[in-house]
Every structure is written in structure tokens, then in C-alpha cells.
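Coordinates from upload-v2.json are shown below (JSON, C-alpha atoms).
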[["chain", "number", "residue", "atom", "x", "y", "z"],
["A", 1498, "MET", "CA", 86.39, 117.26, 104.17],
["A", 1499, "SER", "CA", 86.95, 120.82, 103.00],
["A", 1500, "ASN", "CA", 85.91, 123.83, 105.04],
["A", 1501, "PRO", "CA", 82.23, 124.68, 104.54],
["A", 1502, "THR", "CA", 81.33, 127.90, 102.76],
["A", 1503, "ALA", "CA", 78.73, 130.38, 104.03],
["A", 1504, "GLU", "CA", 76.24, 128.93, 101.57],
["A", 1505, "ASP", "CA", 76.92, 125.42, 102.88],
["A", 1506, "LEU", "CA", 76.19, 126.53, 106.43],
["A", 1507, "LEU", "CA", 72.83, 127.95, 105.35],
["A", 1508, "ASP", "CA", 71.92, 124.91, 103.24],
["A", 1509, "GLU", "CA", 69.60, 122.83, 105.42],
["A", 1510, "THR", "CA", 69.69, 119.92, 102.97],
["A", 1511, "MET", "CA", 73.35, 119.15, 103.75],
["A", 1512, "GLU", "CA", 73.89, 116.23, 106.09],
["A", 1513, "PRO", "CA", 75.91, 117.14, 109.17],
["A", 1514, "GLU", "CA", 79.33, 115.52, 109.37],
["A", 1515, "PHE", "CA", 78.55, 114.30, 112.89],
["A", 1516, "TYR", "CA", 75.28, 114.12, 114.82],
["A", 1517, "LEU", "CA", 76.71, 113.75, 118.31],
["A", 1518, "THR", "CA", 78.57, 116.51, 120.14],
["A", 1519, "ALA", "CA", 80.80, 116.62, 123.20],
["A", 1520, "LEU", "CA", 77.68, 117.44, 125.21],
["A", 1521, "ASP", "CA", 76.09, 114.07, 124.36],
["A", 1522, "ARG", "CA", 76.85, 111.71, 127.24],
["A", 1523, "CYS", "CA", 76.69, 107.94, 127.68],
["A", 1524, "ASP", "CA", 73.49, 106.88, 129.45],
["A", 1525, "SER", "CA", 75.49, 104.26, 131.40],
["A", 1526, "CYS", "CA", 78.49, 106.20, 132.72],
["A", 1527, "ASN", "CA", 78.27, 109.84, 131.55],
["A", 1528, "ALA", "CA", 81.39, 109.62, 129.34],
["A", 1529, "GLN", "CA", 81.25, 111.22, 125.89],
["A", 1530, "ALA", "CA", 78.84, 109.31, 123.65],
["A", 1531, "TYR", "CA", 79.93, 108.04, 120.25],
["A", 1532, "TYR", "CA", 76.93, 105.79, 119.56],
["A", 1533, "LEU", "CA", 73.25, 106.66, 119.29],
["A", 1534, "VAL", "CA", 71.01, 103.59, 119.39],
["A", 1535, "GLY", "CA", 67.37, 103.98, 118.35],
["A", 1536, "PHE", "CA", 64.59, 101.74, 119.61],
["A", 1537, "LEU", "CA", 60.84, 101.77, 118.96],
["A", 1538, "VAL", "CA", 60.26, 103.68, 122.21],
["A", 1539, "GLY", "CA", 63.26, 106.04, 122.27],
["A", 1540, "GLU", "CA", 67.00, 106.39, 121.95],
["A", 1541, "LEU", "CA", 70.02, 105.69, 124.14],
["A", 1542, "LEU", "CA", 73.54, 107.11, 123.94],
["A", 1543, "PHE", "CA", 76.64, 105.02, 124.62],
["A", 1544, "CYS", "CA", 80.38, 105.50, 124.97],
["A", 1545, "ARG", "CA", 82.51, 103.03, 123.04],
["A", 1546, "HIS", "CA", 83.10, 100.82, 126.09],
["A", 1547, "HIS", "CA", 79.43, 100.34, 126.95],
["A", 1548, "PHE", "CA", 78.33, 99.94, 123.34],
["A", 1549, "LEU", "CA", 80.89, 97.19, 122.70],
["A", 1550, "LYS", "CA", 80.00, 95.51, 126.02],
["A", 1551, "ASP", "CA", 76.37, 95.02, 124.90],
["A", 1552, "GLU", "CA", 76.74, 95.29, 121.12],
["A", 1553, "LEU", "CA", 75.06, 92.01, 120.16],
["A", 1554, "ALA", "CA", 71.93, 92.70, 122.22],
["A", 1555, "LEU", "CA", 71.78, 96.31, 121.05],
["A", 1556, "ARG", "CA", 72.01, 95.30, 117.39],
["A", 1557, "GLU", "CA", 69.22, 92.72, 117.85],
["A", 1558, "LYS", "CA", 66.80, 95.09, 119.61],
["A", 1559, "SER", "CA", 67.45, 98.39, 117.83],
["A", 1560, "PHE", "CA", 66.31, 99.66, 114.45],
["A", 1561, "LYS", "CA", 69.00, 102.33, 114.05],
["A", 1562, "ILE", "CA", 72.59, 102.77, 115.21],
["A", 1563, "ILE", "CA", 74.64, 105.88, 114.53],
["A", 1564, "ASP", "CA", 78.32, 105.04, 115.02],
["A", 1565, "GLU", "CA", 80.68, 108.00, 115.33],
["A", 1566, "SER", "CA", 83.50, 106.09, 117.01],
["A", 1567, "SER", "CA", 85.78, 106.95, 114.08],
["A", 1568, "ARG", "CA", 86.19, 110.32, 115.79],
["A", 1569, "LEU", "CA", 88.21, 108.58, 118.52],
["A", 1570, "TYR", "CA", 91.01, 107.68, 116.11],
["A", 1571, "PRO", "CA", 90.91, 110.05, 113.14],
["A", 1572, "GLU", "CA", 93.16, 109.22, 110.24],
["A", 1573, "ARG", "CA", 96.39, 111.13, 110.46],
["A", 1574, "GLU", "CA", 97.63, 113.04, 107.49],
["A", 1575, "LEU", "CA", 100.93, 111.70, 106.24],
["A", 1576, "THR", "CA", 103.46, 114.36, 105.37],
["A", 1577, "ASP", "CA", 106.98, 114.17, 104.07],
["A", 1578, "HIS", "CA", 109.31, 115.19, 106.88],
["A", 1579, "ALA", "CA", 112.48, 114.67, 104.88]]
Target encoding C-alpha cells, full file:
Amino acid sequence: MSNPTAEDLLDETMEPEFYLTALDRCDSCNAQAYYLVGFLVGELLFCRHHFLKDELALREKSFKIIDESSRLYPERELTDHA
């Protein structure tokens, strides 16, 4: 993604690249959260470990899951080092 311009930063219609920040913590262990799971009565945050541990049950009982685990292993840019 290219760097946002000043107009982009002021444009409230743009979707954020990521919803979760480093301040969002797993509700199970307080590690950084990469998953937001929405239920009818609220939301829970999970680190990758705890989300994967209970993934099947979470998918059955939730109506929304925001998965930002791709931030753990971002694609590396390939450059020619020759």
C-alpha cells in the first residue's frame, strides 16, 4: 500500500488498513490481539494462539471475525542483491 496523502488521512470514508493496534490485548492472556470476534452480546480479542485453540467454537458462535494475523508474517519484498 502506498503512503497516504493528507487528503486520505482526512477522508473518513476510507477503510483503515488495520482495526487492531498494539494496545489491543488478548482477553485470555494479555498478548497482542490479532483477532476480534464479535458475538450478539459483545466482542472478544484473541492472540493467534488462543484463537486457533478455540477456532471451531468461535466460528460457530460468532457473527463476525476480523483476522489481522497476516501482520505477524508480512510478505517480504524481494530485491535483486546481485
Residues within 7 Å of Gly1535 of chain A, only C-alpha atoms, excluding chain neighbours under 6 positions, as an mmCIF file with C-alpha atoms, in the coordinates of the input:
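After the write, result_28.cif holds the following:
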data_model
loop_
_atom_site.group_PDB
_atom_site.id
_atom_site.type_symbol
_atom_site.label_atom_id
_atom_site.label_comp_id
_atom_site.auth_asym_id
_atom_site.auth_seq_id
_atom_site.Cartn_x
_atom_site.Cartn_y
_atom_site.Cartn_z
ATOM 1 C CA LEU A 1541 70.020 105.690 124.140
ATOM 2 C CA SER A 1559 67.450 98.390 117.830
ATOM 3 C CA PHE A 1560 66.310 99.660 114.450
ATOM 4 C CA LYS A 1561 69.000 102.330 114.050
ATOM 5 C CA ILE A 1562 72.590 102.770 115.210
#
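Every protein or nucleic acid residue with an atom no more than 8 Å from Leu1542 of chain A, counting all atoms listed in the file and leaving out same-chain residues fewer than 5 positions away, appears here: Asp1521, Arg1522, Cys1523, Asp1524, Ala1530, Tyr1531, Tyr1532, Leu1533 and Val1534 of chain A.
Counting all atoms listed in the file, the residue from A:Val1538, A:Cys1526, A:Leu1553, A:Ala1519 that sits nearest to Leu1569 of chain A is A:Ala1519.
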**Asked** atom CA of Phe1543 of chain A to atom CA of Leu1520 of chain A: how many Å, to one decimal?
**Response** 12.5 Å
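Our summary of the geometry notes that atom CA of Glu1572 of chain A is positioned 24.7 Å from atom CA of Lys1550 of chain A.
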So for segment 1557-1575 of chain A, what box centre and size do we get, axis-aligned, 4 Å extra on each of the six sides, every listed atom, Å to one decimal, as JSON?
{"center_x": 83.6, "center_y": 102.9, "center_z": 112.9, "size_x": 42.6, "size_y": 28.3, "size_z": 21.4}
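Between atom CA of His1546 of chain A and atom CA of Phe1515 of chain A there is a distance of 19.4 Å.
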